[in-house]
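Chemist: Below: one structure in structure tokens.
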Amino acid sequence: MDAADPMMGTGRIGVVGVGRMGAPIARALRRSFAIAVHDTDPGRMRAIEGDGIERCDSVEDLAGSCGVLVTVLPGPRDLDVVARSALPLLQAGSLWIDCTSGSPATTMSLAQDAAVWGVQVVSAPMGGSPAEAAATELGFFVSGADMAVERAIPILEHLAAVDGIRRVGDRVEDGQIVKLLANALWFANAAAASEAMLIGAKLGIPTEHLHRLLRVSAGSSRFLEHDADRLLDGDYLTTFGIDRVVEELDTVASLRADSGVDSPVLDASAALHRAALDRYGDALGELLAVRLLEERAHQQLRR
């Protein structure tokens, strides 16, 4: 495919945010499209130099020169700042694909602003690691109007695993809701599975043996199947901060309040993760709640 395939109607794609996830995403898209990027961190901008990717000094410069804008940002606050600067400068008919995992309320508000400027919006919060981004094996929960989604999917296919693009709904906020609930379940599953393995370890069952048994049991989960091995190697998944975990769980709590549903299990998980944030500060580590459980048990989960 040419760098600016007229059948795609994209022109140049602008990527805002070239950190751990955004940089491999920009490089993957560069294989098929003309790409420009912006990041507020000069070091990240220098790191992506030499990849055939144009660097823009400001969000405004980037937005004014692209037919498609892709945002890959840490959270809803950063997204709000970037979008409110970029949207007025995107041409009518442009497409904005947001891969940030954030707030449904923020997504709804920004989509309303985008409509004023004639910009189509697709919410596509992603799942996966930097390694999976580099290998183009990400997953996306995609939502938005049909016409916008039809334009976005051929772009996302350059980043996604086979069957990695999941159509969620017509409302732009739908993808955010599902991604937040999926993450909340993963955080709770990781904590519960780790508690079970700590109990087994304390009762004399070797952790690696117990893990093998639990991962094929009725109580298995994605954490036990795909992620617990890294924990047993001493990796607390340091590509995501515990502060971001708590921020997402706080957003889930607000969704729960809006729905009127009682959620004692998810609430307990949120309390544990907040205790981990209090204990370790803004440290990187998606599994720092498990580290806290280990400290309390005076037992580490290791091979």
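Residue names in the structure tokens use chain letters A, B, ... in the order shown, residue numbers from 1 in each chain, and ligand numbers from 1 in the order shown.
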Write out as a PyMOL selection string all residues of stretch 111-193 of chain A that backbone DSSP assigns to alpha helix (DSSP H).

Modeler: chain A and resi 111-116+130-134+146-156+172-193

Chemist: Considering only C-alpha atoms, return as a PDB file with all heavy atoms, in the first residue's frame whatever protein or nucleic-acid residues lie within 12 Å of stretch 195-204 of chain A, sequence-local ones (same chain, fewer than 4 positions apart) excluded.

Modeler:
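Once written, around_31.pdb looks like this:
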```
ATOM      1  N   ALA A 188      -8.723  -7.338  39.372  1.00  0.00           N
ATOM      2  CA  ALA A 188      -9.319  -8.144  40.438  1.00  0.00           C
ATOM      3  C   ALA A 188      -8.890  -9.603  40.322  1.00  0.00           C
ATOM      4  O   ALA A 188      -8.593 -10.264  41.335  1.00  0.00           O
ATOM      5  CB  ALA A 188     -10.844  -8.031  40.386  1.00  0.00           C
ATOM      6  N   ASN A 189      -8.861 -10.136  39.107  1.00  0.00           N
ATOM      7  CA  ASN A 189      -8.434 -11.520  38.906  1.00  0.00           C
ATOM      8  C   ASN A 189      -6.991 -11.728  39.333  1.00  0.00           C
ATOM      9  O   ASN A 189      -6.642 -12.749  39.942  1.00  0.00           O
ATOM     10  CB  ASN A 189      -8.589 -11.907  37.429  1.00  0.00           C
ATOM     11  CG  ASN A 189     -10.034 -12.126  37.025  1.00  0.00           C
ATOM     12  OD1 ASN A 189     -10.869 -12.403  37.859  1.00  0.00           O
ATOM     13  ND2 ASN A 189     -10.317 -11.997  35.737  1.00  0.00           N
ATOM     14  N   ALA A 190      -6.131 -10.757  38.985  1.00  0.00           N
ATOM     15  CA  ALA A 190      -4.715 -10.870  39.354  1.00  0.00           C
ATOM     16  C   ALA A 190      -4.554 -10.918  40.867  1.00  0.00           C
ATOM     17  O   ALA A 190      -3.775 -11.723  41.404  1.00  0.00           O
ATOM     18  CB  ALA A 190      -3.922  -9.708  38.759  1.00  0.00           C
ATOM     19  N   ALA A 191      -5.299 -10.060  41.561  1.00  0.00           N
ATOM     20  CA  ALA A 191      -5.209 -10.035  43.019  1.00  0.00           C
ATOM     21  C   ALA A 191      -5.756 -11.330  43.623  1.00  0.00           C
ATOM     22  O   ALA A 191      -5.129 -11.929  44.515  1.00  0.00           O
ATOM     23  CB  ALA A 191      -5.969  -8.827  43.563  1.00  0.00           C
ATOM     24  N   GLU A 208       5.106 -22.855  41.679  1.00  0.00           N
ATOM     25  CA  GLU A 208       5.057 -23.148  40.252  1.00  0.00           C
ATOM     26  C   GLU A 208       4.126 -24.323  39.972  1.00  0.00           C
ATOM     27  O   GLU A 208       3.361 -24.309  38.989  1.00  0.00           O
ATOM     28  CB  GLU A 208       6.461 -23.439  39.723  1.00  0.00           C
ATOM     29  CG  GLU A 208       6.521 -23.542  38.206  1.00  0.00           C
ATOM     30  CD  GLU A 208       7.939 -23.562  37.669  1.00  0.00           C
ATOM     31  OE1 GLU A 208       8.879 -23.755  38.472  1.00  0.00           O
ATOM     32  OE2 GLU A 208       8.108 -23.391  36.447  1.00  0.00           O
ATOM     33  N   HIS A 209       4.161 -25.317  40.825  1.00  0.00           N
ATOM     34  CA  HIS A 209       3.267 -26.475  40.676  1.00  0.00           C
ATOM     35  C   HIS A 209       1.811 -26.047  40.846  1.00  0.00           C
ATOM     36  O   HIS A 209       0.929 -26.430  40.058  1.00  0.00           O
ATOM     37  CB  HIS A 209       3.640 -27.542  41.706  1.00  0.00           C
ATOM     38  CG  HIS A 209       2.772 -28.757  41.677  1.00  0.00           C
ATOM     39  ND1 HIS A 209       2.555 -29.496  40.531  1.00  0.00           N
ATOM     40  CD2 HIS A 209       2.045 -29.368  42.675  1.00  0.00           C
ATOM     41  CE1 HIS A 209       1.744 -30.498  40.806  1.00  0.00           C
ATOM     42  NE2 HIS A 209       1.422 -30.445  42.097  1.00  0.00           N
ATOM     43  N   LEU A 210       1.539 -25.224  41.847  1.00  0.00           N
ATOM     44  CA  LEU A 210       0.178 -24.742  42.080  1.00  0.00           C
ATOM     45  C   LEU A 210      -0.307 -23.916  40.904  1.00  0.00           C
ATOM     46  O   LEU A 210      -1.462 -24.051  40.473  1.00  0.00           O
ATOM     47  CB  LEU A 210       0.127 -23.918  43.372  1.00  0.00           C
ATOM     48  CG  LEU A 210      -1.230 -23.309  43.735  1.00  0.00           C
ATOM     49  CD1 LEU A 210      -2.292 -24.392  43.874  1.00  0.00           C
ATOM     50  CD2 LEU A 210      -1.119 -22.481  45.006  1.00  0.00           C
ATOM     51  N   HIS A 211       0.571 -23.081  40.365  1.00  0.00           N
ATOM     52  CA  HIS A 211       0.188 -22.273  39.203  1.00  0.00           C
ATOM     53  C   HIS A 211      -0.216 -23.162  38.032  1.00  0.00           C
ATOM     54  O   HIS A 211      -1.221 -22.915  37.362  1.00  0.00           O
ATOM     55  CB  HIS A 211       1.345 -21.347  38.807  1.00  0.00           C
ATOM     56  CG  HIS A 211       1.111 -20.633  37.517  1.00  0.00           C
ATOM     57  ND1 HIS A 211       2.033 -20.597  36.494  1.00  0.00           N
ATOM     58  CD2 HIS A 211       0.033 -19.933  37.061  1.00  0.00           C
ATOM     59  CE1 HIS A 211       1.540 -19.909  35.488  1.00  0.00           C
ATOM     60  NE2 HIS A 211       0.340 -19.489  35.804  1.00  0.00           N
ATOM     61  N   ARG A 212       0.563 -24.216  37.786  1.00  0.00           N
ATOM     62  CA  ARG A 212       0.216 -25.113  36.676  1.00  0.00           C
ATOM     63  C   ARG A 212      -1.156 -25.744  36.886  1.00  0.00           C
ATOM     64  O   ARG A 212      -1.923 -25.914  35.930  1.00  0.00           O
ATOM     65  CB  ARG A 212       1.277 -26.212  36.538  1.00  0.00           C
ATOM     66  CG  ARG A 212       2.586 -25.750  35.916  1.00  0.00           C
ATOM     67  CD  ARG A 212       3.415 -26.947  35.448  1.00  0.00           C
ATOM     68  NE  ARG A 212       3.769 -27.810  36.568  1.00  0.00           N
ATOM     69  CZ  ARG A 212       4.902 -27.712  37.265  1.00  0.00           C
ATOM     70  NH1 ARG A 212       5.774 -26.755  36.961  1.00  0.00           N
ATOM     71  NH2 ARG A 212       5.152 -28.554  38.250  1.00  0.00           N
ATOM     72  N   LEU A 213      -1.475 -26.080  38.113  1.00  0.00           N
ATOM     73  CA  LEU A 213      -2.764 -26.702  38.399  1.00  0.00           C
ATOM     74  C   LEU A 213      -3.917 -25.708  38.272  1.00  0.00           C
ATOM     75  O   LEU A 213      -4.978 -26.022  37.713  1.00  0.00           O
ATOM     76  CB  LEU A 213      -2.743 -27.309  39.798  1.00  0.00           C
ATOM     77  CG  LEU A 213      -1.769 -28.469  40.009  1.00  0.00           C
ATOM     78  CD1 LEU A 213      -1.690 -28.835  41.479  1.00  0.00           C
ATOM     79  CD2 LEU A 213      -2.188 -29.675  39.168  1.00  0.00           C
ATOM     80  N   LEU A 214      -3.713 -24.496  38.795  1.00  0.00           N
ATOM     81  CA  LEU A 214      -4.786 -23.507  38.771  1.00  0.00           C
ATOM     82  C   LEU A 214      -5.084 -23.010  37.355  1.00  0.00           C
ATOM     83  O   LEU A 214      -6.235 -22.704  37.035  1.00  0.00           O
ATOM     84  CB  LEU A 214      -4.426 -22.326  39.671  1.00  0.00           C
ATOM     85  CG  LEU A 214      -4.388 -22.613  41.176  1.00  0.00           C
ATOM     86  CD1 LEU A 214      -3.948 -21.364  41.938  1.00  0.00           C
ATOM     87  CD2 LEU A 214      -5.747 -23.084  41.680  1.00  0.00           C
ATOM     88  N   ARG A 215      -4.060 -22.934  36.526  1.00  0.00           N
ATOM     89  CA  ARG A 215      -4.282 -22.374  35.185  1.00  0.00           C
ATOM     90  C   ARG A 215      -5.137 -23.279  34.309  1.00  0.00           C
ATOM     91  O   ARG A 215      -5.684 -22.834  33.286  1.00  0.00           O
ATOM     92  CB  ARG A 215      -2.948 -22.058  34.505  1.00  0.00           C
ATOM     93  CG  ARG A 215      -2.156 -23.252  34.060  1.00  0.00           C
ATOM     94  CD  ARG A 215      -0.764 -22.862  33.568  1.00  0.00           C
ATOM     95  NE  ARG A 215      -0.837 -21.946  32.441  1.00  0.00           N
ATOM     96  CZ  ARG A 215       0.238 -21.388  31.875  1.00  0.00           C
ATOM     97  NH1 ARG A 215       1.451 -21.625  32.373  1.00  0.00           N
ATOM     98  NH2 ARG A 215       0.117 -20.593  30.843  1.00  0.00           N
ATOM     99  N   GLY A 219     -11.067 -22.298  38.002  1.00  0.00           N
ATOM    100  CA  GLY A 219     -10.794 -20.937  38.442  1.00  0.00           C
ATOM    101  C   GLY A 219      -9.764 -20.205  37.612  1.00  0.00           C
ATOM    102  O   GLY A 219      -9.248 -19.158  38.026  1.00  0.00           O
ATOM    103  N   SER A 220      -9.460 -20.726  36.433  1.00  0.00           N
ATOM    104  CA  SER A 220      -8.441 -20.081  35.601  1.00  0.00           C
ATOM    105  C   SER A 220      -8.914 -18.722  35.103  1.00  0.00           C
ATOM    106  O   SER A 220     -10.102 -18.384  35.153  1.00  0.00           O
ATOM    107  CB  SER A 220      -8.083 -20.967  34.420  1.00  0.00           C
ATOM    108  OG  SER A 220      -6.978 -20.433  33.717  1.00  0.00           O
ATOM    109  N   LEU A 224      -3.847 -15.945  35.026  1.00  0.00           N
ATOM    110  CA  LEU A 224      -3.166 -17.216  35.289  1.00  0.00           C
ATOM    111  C   LEU A 224      -2.611 -17.830  34.007  1.00  0.00           C
ATOM    112  O   LEU A 224      -1.531 -18.431  34.005  1.00  0.00           O
ATOM    113  CB  LEU A 224      -4.121 -18.189  35.965  1.00  0.00           C
ATOM    114  CG  LEU A 224      -4.396 -17.939  37.450  1.00  0.00           C
ATOM    115  CD1 LEU A 224      -5.554 -18.806  37.930  1.00  0.00           C
ATOM    116  CD2 LEU A 224      -3.146 -18.205  38.288  1.00  0.00           C
ATOM    117  N   ALA A 228       0.774 -14.639  34.836  1.00  0.00           N
ATOM    118  CA  ALA A 228       1.346 -15.054  36.117  1.00  0.00           C
ATOM    119  C   ALA A 228       2.783 -15.536  35.981  1.00  0.00           C
ATOM    120  O   ALA A 228       3.572 -15.413  36.923  1.00  0.00           O
ATOM    121  CB  ALA A 228       0.480 -16.140  36.753  1.00  0.00           C
ATOM    122  N   LEU A 231       5.012 -12.751  36.791  1.00  0.00           N
ATOM    123  CA  LEU A 231       5.062 -12.509  38.230  1.00  0.00           C
ATOM    124  C   LEU A 231       5.997 -13.504  38.906  1.00  0.00           C
ATOM    125  O   LEU A 231       6.799 -13.136  39.777  1.00  0.00           O
ATOM    126  CB  LEU A 231       3.658 -12.616  38.828  1.00  0.00           C
ATOM    127  CG  LEU A 231       3.580 -12.550  40.356  1.00  0.00           C
ATOM    128  CD1 LEU A 231       4.024 -11.183  40.857  1.00  0.00           C
ATOM    129  CD2 LEU A 231       2.172 -12.866  40.835  1.00  0.00           C
ATOM    130  N   LEU A 232       5.923 -14.770  38.507  1.00  0.00           N
ATOM    131  CA  LEU A 232       6.767 -15.791  39.116  1.00  0.00           C
ATOM    132  C   LEU A 232       8.245 -15.580  38.788  1.00  0.00           C
ATOM    133  O   LEU A 232       9.119 -16.125  39.460  1.00  0.00           O
ATOM    134  CB  LEU A 232       6.327 -17.186  38.665  1.00  0.00           C
ATOM    135  CG  LEU A 232       4.899 -17.600  39.036  1.00  0.00           C
ATOM    136  CD1 LEU A 232       4.654 -19.049  38.682  1.00  0.00           C
ATOM    137  CD2 LEU A 232       4.600 -17.345  40.502  1.00  0.00           C
ATOM    138  N   SER A 269     -11.241  -4.745  45.327  1.00  0.00           N
ATOM    139  CA  SER A 269     -10.049  -4.674  44.485  1.00  0.00           C
ATOM    140  C   SER A 269      -9.527  -3.238  44.408  1.00  0.00           C
ATOM    141  O   SER A 269      -8.317  -2.994  44.515  1.00  0.00           O
ATOM    142  CB  SER A 269     -10.365  -5.198  43.085  1.00  0.00           C
ATOM    143  OG  SER A 269      -9.296  -4.944  42.194  1.00  0.00           O
ATOM    144  N   LEU A 272      -7.684  -2.323  47.586  1.00  0.00           N
ATOM    145  CA  LEU A 272      -6.359  -2.930  47.643  1.00  0.00           C
ATOM    146  C   LEU A 272      -5.371  -2.169  46.763  1.00  0.00           C
ATOM    147  O   LEU A 272      -4.223  -1.906  47.176  1.00  0.00           O
ATOM    148  CB  LEU A 272      -6.443  -4.390  47.197  1.00  0.00           C
ATOM    149  CG  LEU A 272      -5.106  -5.117  47.055  1.00  0.00           C
ATOM    150  CD1 LEU A 272      -4.405  -5.243  48.399  1.00  0.00           C
ATOM    151  CD2 LEU A 272      -5.307  -6.487  46.421  1.00  0.00           C
ATOM    152  N   ALA A 289      -0.126  -4.210  43.613  1.00  0.00           N
ATOM    153  CA  ALA A 289      -1.069  -4.704  44.623  1.00  0.00           C
ATOM    154  C   ALA A 289      -0.689  -6.115  45.049  1.00  0.00           C
ATOM    155  O   ALA A 289      -0.839  -6.484  46.224  1.00  0.00           O
ATOM    156  CB  ALA A 289      -2.495  -4.677  44.087  1.00  0.00           C
ATOM    157  N   VAL A 290      -0.171  -6.908  44.117  1.00  0.00           N
ATOM    158  CA  VAL A 290       0.292  -8.254  44.467  1.00  0.00           C
ATOM    159  C   VAL A 290       1.544  -8.163  45.344  1.00  0.00           C
ATOM    160  O   VAL A 290       1.694  -8.928  46.301  1.00  0.00           O
ATOM    161  CB  VAL A 290       0.568  -9.074  43.200  1.00  0.00           C
ATOM    162  CG1 VAL A 290       1.129 -10.441  43.566  1.00  0.00           C
ATOM    163  CG2 VAL A 290      -0.703  -9.222  42.376  1.00  0.00           C
ATOM    164  N   ARG A 291       2.422  -7.235  45.019  1.00  0.00           N
ATOM    165  CA  ARG A 291       3.602  -7.042  45.879  1.00  0.00           C
ATOM    166  C   ARG A 291       3.177  -6.713  47.303  1.00  0.00           C
ATOM    167  O   ARG A 291       3.775  -7.211  48.269  1.00  0.00           O
ATOM    168  CB  ARG A 291       4.476  -5.930  45.313  1.00  0.00           C
ATOM    169  CG  ARG A 291       5.721  -5.647  46.140  1.00  0.00           C
ATOM    170  CD  ARG A 291       6.547  -4.538  45.511  1.00  0.00           C
ATOM    171  NE  ARG A 291       7.630  -4.131  46.403  1.00  0.00           N
ATOM    172  CZ  ARG A 291       8.452  -3.113  46.154  1.00  0.00           C
ATOM    173  NH1 ARG A 291       8.327  -2.410  45.028  1.00  0.00           N
ATOM    174  NH2 ARG A 291       9.400  -2.796  47.015  1.00  0.00           N
ATOM    175  N   LEU A 292       2.137  -5.896  47.446  1.00  0.00           N
ATOM    176  CA  LEU A 292       1.635  -5.565  48.779  1.00  0.00           C
ATOM    177  C   LEU A 292       1.083  -6.805  49.472  1.00  0.00           C
ATOM    178  O   LEU A 292       1.320  -7.024  50.673  1.00  0.00           O
ATOM    179  CB  LEU A 292       0.558  -4.484  48.670  1.00  0.00           C
ATOM    180  CG  LEU A 292      -0.065  -4.014  49.991  1.00  0.00           C
ATOM    181  CD1 LEU A 292       0.997  -3.393  50.901  1.00  0.00           C
ATOM    182  CD2 LEU A 292      -1.183  -2.990  49.712  1.00  0.00           C
ATOM    183  N   LEU A 293       0.365  -7.639  48.748  1.00  0.00           N
ATOM    184  CA  LEU A 293      -0.132  -8.895  49.320  1.00  0.00           C
ATOM    185  C   LEU A 293       1.028  -9.777  49.774  1.00  0.00           C
ATOM    186  O   LEU A 293       0.961 -10.426  50.832  1.00  0.00           O
ATOM    187  CB  LEU A 293      -0.986  -9.635  48.292  1.00  0.00           C
ATOM    188  CG  LEU A 293      -2.339  -9.003  47.939  1.00  0.00           C
ATOM    189  CD1 LEU A 293      -2.969  -9.745  46.760  1.00  0.00           C
ATOM    190  CD2 LEU A 293      -3.278  -9.019  49.142  1.00  0.00           C
ATOM    191  N   GLU A 294       2.081  -9.834  48.978  1.00  0.00           N
ATOM    192  CA  GLU A 294       3.260 -10.616  49.357  1.00  0.00           C
ATOM    193  C   GLU A 294       3.879 -10.087  50.647  1.00  0.00           C
ATOM    194  O   GLU A 294       4.254 -10.867  51.529  1.00  0.00           O
ATOM    195  CB  GLU A 294       4.294 -10.580  48.234  1.00  0.00           C
ATOM    196  CG  GLU A 294       3.886 -11.334  46.977  1.00  0.00           C
ATOM    197  CD  GLU A 294       4.902 -11.183  45.866  1.00  0.00           C
ATOM    198  OE1 GLU A 294       5.519 -10.088  45.753  1.00  0.00           O
ATOM    199  OE2 GLU A 294       5.095 -12.138  45.104  1.00  0.00           O
ATOM    200  N   GLU A 295       3.989  -8.761  50.747  1.00  0.00           N
ATOM    201  CA  GLU A 295       4.551  -8.173  51.963  1.00  0.00           C
ATOM    202  C   GLU A 295       3.716  -8.547  53.190  1.00  0.00           C
ATOM    203  O   GLU A 295       4.258  -8.915  54.242  1.00  0.00           O
ATOM    204  CB  GLU A 295       4.628  -6.649  51.834  1.00  0.00           C
ATOM    205  CG  GLU A 295       5.756  -6.149  50.963  1.00  0.00           C
ATOM    206  CD  GLU A 295       5.904  -4.640  51.048  1.00  0.00           C
ATOM    207  OE1 GLU A 295       5.236  -4.011  51.912  1.00  0.00           O
ATOM    208  OE2 GLU A 295       6.686  -4.077  50.264  1.00  0.00           O
ATOM    209  N   ARG A 296       2.419  -8.450  53.031  1.00  0.00           N
ATOM    210  CA  ARG A 296       1.535  -8.757  54.160  1.00  0.00           C
ATOM    211  C   ARG A 296       1.624 -10.237  54.550  1.00  0.00           C
ATOM    212  O   ARG A 296       1.478 -10.584  55.729  1.00  0.00           O
ATOM    213  CB  ARG A 296       0.094  -8.395  53.795  1.00  0.00           C
ATOM    214  CG  ARG A 296      -0.153  -6.892  53.661  1.00  0.00           C
ATOM    215  CD  ARG A 296      -1.564  -6.630  53.154  1.00  0.00           C
ATOM    216  NE  ARG A 296      -1.886  -5.204  53.125  1.00  0.00           N
ATOM    217  CZ  ARG A 296      -3.028  -4.703  52.651  1.00  0.00           C
ATOM    218  NH1 ARG A 296      -3.963  -5.528  52.168  1.00  0.00           N
ATOM    219  NH2 ARG A 296      -3.252  -3.397  52.664  1.00  0.00           N
ATOM    220  N   ALA A 297       1.862 -11.106  53.561  1.00  0.00           N
ATOM    221  CA  ALA A 297       1.943 -12.541  53.825  1.00  0.00           C
ATOM    222  C   ALA A 297       3.348 -12.982  54.224  1.00  0.00           C
ATOM    223  O   ALA A 297       3.538 -14.143  54.619  1.00  0.00           O
ATOM    224  CB  ALA A 297       1.497 -13.316  52.593  1.00  0.00           C
ATOM    225  N   HIS A 298       4.334 -12.079  54.086  1.00  0.00           N
ATOM    226  CA  HIS A 298       5.744 -12.434  54.322  1.00  0.00           C
ATOM    227  C   HIS A 298       6.138 -13.631  53.451  1.00  0.00           C
ATOM    228  O   HIS A 298       6.800 -14.568  53.887  1.00  0.00           O
ATOM    229  CB  HIS A 298       5.999 -12.747  55.806  1.00  0.00           C
ATOM    230  CG  HIS A 298       5.585 -11.633  56.731  1.00  0.00           C
ATOM    231  ND1 HIS A 298       6.278 -10.440  56.807  1.00  0.00           N
ATOM    232  CD2 HIS A 298       4.540 -11.538  57.593  1.00  0.00           C
ATOM    233  CE1 HIS A 298       5.686  -9.654  57.686  1.00  0.00           C
ATOM    234  NE2 HIS A 298       4.619 -10.287  58.161  1.00  0.00           N
ATOM    235  N   GLN A 299       5.687 -13.559  52.199  1.00  0.00           N
ATOM    236  CA  GLN A 299       5.931 -14.663  51.258  1.00  0.00           C
ATOM    237  C   GLN A 299       5.954 -14.079  49.849  1.00  0.00           C
ATOM    238  O   GLN A 299       5.062 -13.324  49.481  1.00  0.00           O
ATOM    239  CB  GLN A 299       4.816 -15.707  51.362  1.00  0.00           C
ATOM    240  CG  GLN A 299       4.901 -16.841  50.358  1.00  0.00           C
ATOM    241  CD  GLN A 299       5.863 -17.911  50.784  1.00  0.00           C
ATOM    242  OE1 GLN A 299       5.949 -18.207  51.966  1.00  0.00           O
ATOM    243  NE2 GLN A 299       6.596 -18.481  49.844  1.00  0.00           N
ATOM    244  N   GLN A 300       6.976 -14.414  49.056  1.00  0.00           N
ATOM    245  CA  GLN A 300       7.026 -13.992  47.666  1.00  0.00           C
ATOM    246  C   GLN A 300       6.574 -15.122  46.745  1.00  0.00           C
ATOM    247  O   GLN A 300       6.872 -16.299  47.030  1.00  0.00           O
ATOM    248  CB  GLN A 300       8.420 -13.533  47.276  1.00  0.00           C
ATOM    249  CG  GLN A 300       8.807 -12.152  47.780  1.00  0.00           C
ATOM    250  CD  GLN A 300      10.055 -11.645  47.122  1.00  0.00           C
ATOM    251  OE1 GLN A 300      11.029 -12.380  46.958  1.00  0.00           O
ATOM    252  NE2 GLN A 300      10.060 -10.380  46.750  1.00  0.00           N
ATOM    253  N   LEU A 301       5.892 -14.763  45.699  1.00  0.00           N
ATOM    254  CA  LEU A 301       5.489 -15.744  44.686  1.00  0.00           C
ATOM    255  C   LEU A 301       6.595 -15.835  43.642  1.00  0.00           C
ATOM    256  O   LEU A 301       6.689 -14.986  42.752  1.00  0.00           O
ATOM    257  CB  LEU A 301       4.168 -15.320  44.036  1.00  0.00           C
ATOM    258  CG  LEU A 301       2.952 -15.323  44.950  1.00  0.00           C
ATOM    259  CD1 LEU A 301       1.750 -14.691  44.258  1.00  0.00           C
ATOM    260  CD2 LEU A 301       2.620 -16.744  45.413  1.00  0.00           C
ATOM    261  N   ARG A 302       7.441 -16.826  43.778  1.00  0.00           N
ATOM    262  CA  ARG A 302       8.555 -17.010  42.867  1.00  0.00           C
ATOM    263  C   ARG A 302       8.667 -18.491  42.502  1.00  0.00           C
ATOM    264  O   ARG A 302       8.199 -19.358  43.224  1.00  0.00           O
ATOM    265  CB  ARG A 302       9.879 -16.545  43.505  1.00  0.00           C
ATOM    266  CG  ARG A 302       9.920 -15.062  43.831  1.00  0.00           C
ATOM    267  CD  ARG A 302       9.942 -14.204  42.570  1.00  0.00           C
ATOM    268  NE  ARG A 302      10.077 -12.774  42.918  1.00  0.00           N
ATOM    269  CZ  ARG A 302       9.063 -11.970  43.185  1.00  0.00           C
ATOM    270  NH1 ARG A 302       7.830 -12.458  43.155  1.00  0.00           N
ATOM    271  NH2 ARG A 302       9.263 -10.707  43.467  1.00  0.00           N
ATOM    272  N   ARG A 303       9.319 -18.751  41.410  1.00  0.00           N
ATOM    273  CA  ARG A 303       9.534 -20.145  41.017  1.00  0.00           C
ATOM    274  C   ARG A 303      10.429 -20.840  42.037  1.00  0.00           C
ATOM    275  O   ARG A 303      11.346 -20.268  42.573  1.00  0.00           O
ATOM    276  CB  ARG A 303      10.184 -20.197  39.629  1.00  0.00           C
ATOM    277  CG  ARG A 303       9.290 -19.583  38.553  1.00  0.00           C
ATOM    278  CD  ARG A 303       9.872 -19.790  37.178  1.00  0.00           C
ATOM    279  NE  ARG A 303       9.131 -19.011  36.189  1.00  0.00           N
ATOM    280  CZ  ARG A 303       7.972 -19.380  35.671  1.00  0.00           C
ATOM    281  NH1 ARG A 303       7.423 -20.516  36.045  1.00  0.00           N
ATOM    282  NH2 ARG A 303       7.357 -18.637  34.785  1.00  0.00           N
TER     283      ARG A 303
END
```

Chemist: Tell me, which residues of stretch 108-237 of chain A carry DSSP strand (DSSP E), written as an NGL selection string?

Modeler: :A and (120-123 or 126-127 or 138-143 or 160-169)

Chemist: Which residues are near A:Leu180? Cut-off 8 Å, only C-alpha atoms, ignore same chain within fewer than 4 positions. Put them as a PDB file with N, CA, C and O atoms, in the first residue's frame.

Modeler:
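As written to disk, selection-v7.pdb reads:
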```pdb
ATOM      1  N   SER A 101      -6.835   4.749  26.878  1.00  0.00           N
ATOM      2  CA  SER A 101      -7.800   4.183  27.826  1.00  0.00           C
ATOM      3  C   SER A 101      -8.129   5.267  28.833  1.00  0.00           C
ATOM      4  O   SER A 101      -7.248   5.693  29.588  1.00  0.00           O
ATOM      5  N   GLY A 102      -9.363   5.732  28.830  1.00  0.00           N
ATOM      6  CA  GLY A 102      -9.655   6.903  29.642  1.00  0.00           C
ATOM      7  C   GLY A 102     -11.030   6.909  30.239  1.00  0.00           C
ATOM      8  O   GLY A 102     -11.489   5.913  30.795  1.00  0.00           O
ATOM      9  N   GLN A 176     -14.738   2.747  25.582  1.00  0.00           N
ATOM     10  CA  GLN A 176     -14.110   3.097  26.847  1.00  0.00           C
ATOM     11  C   GLN A 176     -14.742   2.319  28.010  1.00  0.00           C
ATOM     12  O   GLN A 176     -14.031   1.842  28.906  1.00  0.00           O
ATOM     13  N   ALA A 184     -10.704  -3.652  34.908  1.00  0.00           N
ATOM     14  CA  ALA A 184     -11.082  -3.850  36.309  1.00  0.00           C
ATOM     15  C   ALA A 184     -11.148  -5.333  36.654  1.00  0.00           C
ATOM     16  O   ALA A 184     -10.722  -5.755  37.741  1.00  0.00           O
ATOM     17  N   GLU A 248      -8.039   4.371  36.794  1.00  0.00           N
ATOM     18  CA  GLU A 248      -9.039   3.609  36.043  1.00  0.00           C
ATOM     19  C   GLU A 248     -10.090   3.011  36.975  1.00  0.00           C
ATOM     20  O   GLU A 248     -11.289   3.024  36.662  1.00  0.00           O
ATOM     21  N   LEU A 249      -9.663   2.494  38.112  1.00  0.00           N
ATOM     22  CA  LEU A 249     -10.625   1.904  39.041  1.00  0.00           C
ATOM     23  C   LEU A 249     -11.531   2.966  39.654  1.00  0.00           C
ATOM     24  O   LEU A 249     -12.706   2.692  39.945  1.00  0.00           O
ATOM     25  N   THR A 251     -12.559   5.530  37.967  1.00  0.00           N
ATOM     26  CA  THR A 251     -13.532   5.771  36.903  1.00  0.00           C
ATOM     27  C   THR A 251     -14.581   4.668  36.874  1.00  0.00           C
ATOM     28  O   THR A 251     -15.776   4.927  36.686  1.00  0.00           O
ATOM     29  N   VAL A 252     -14.152   3.430  37.076  1.00  0.00           N
ATOM     30  CA  VAL A 252     -15.111   2.318  37.147  1.00  0.00           C
ATOM     31  C   VAL A 252     -16.076   2.522  38.314  1.00  0.00           C
ATOM     32  O   VAL A 252     -17.276   2.246  38.199  1.00  0.00           O
TER      33      VAL A 252
END
```

Chemist: Distance table requested - stretch 174-290 of chain A against stretch 17-31 of chain A, cut-off 12 Å, only C-alpha atoms: one row per qualifying residue with the closest atom pair and its distance in Å to one decimal, ordered by chain and rising residue number, as JSON lines.

Modeler:
```
{"residue": "A:Thr238", "atom": "CA", "partner": "A:Arg20", "partner_atom": "CA", "distance": 11.1}
{"residue": "A:Thr239", "atom": "CA", "partner": "A:Arg20", "partner_atom": "CA", "distance": 7.7}
{"residue": "A:Phe240", "atom": "CA", "partner": "A:Arg20", "partner_atom": "CA", "distance": 9.6}
```

Chemist: What is the atom CA of A:Phe141-atom CA of A:Ile97 distance in Å, reported with one decimal?

Modeler: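 About the pair atom CA of A:Phe141 and atom CA of A:Ile97: they are 11.7 Å apart.
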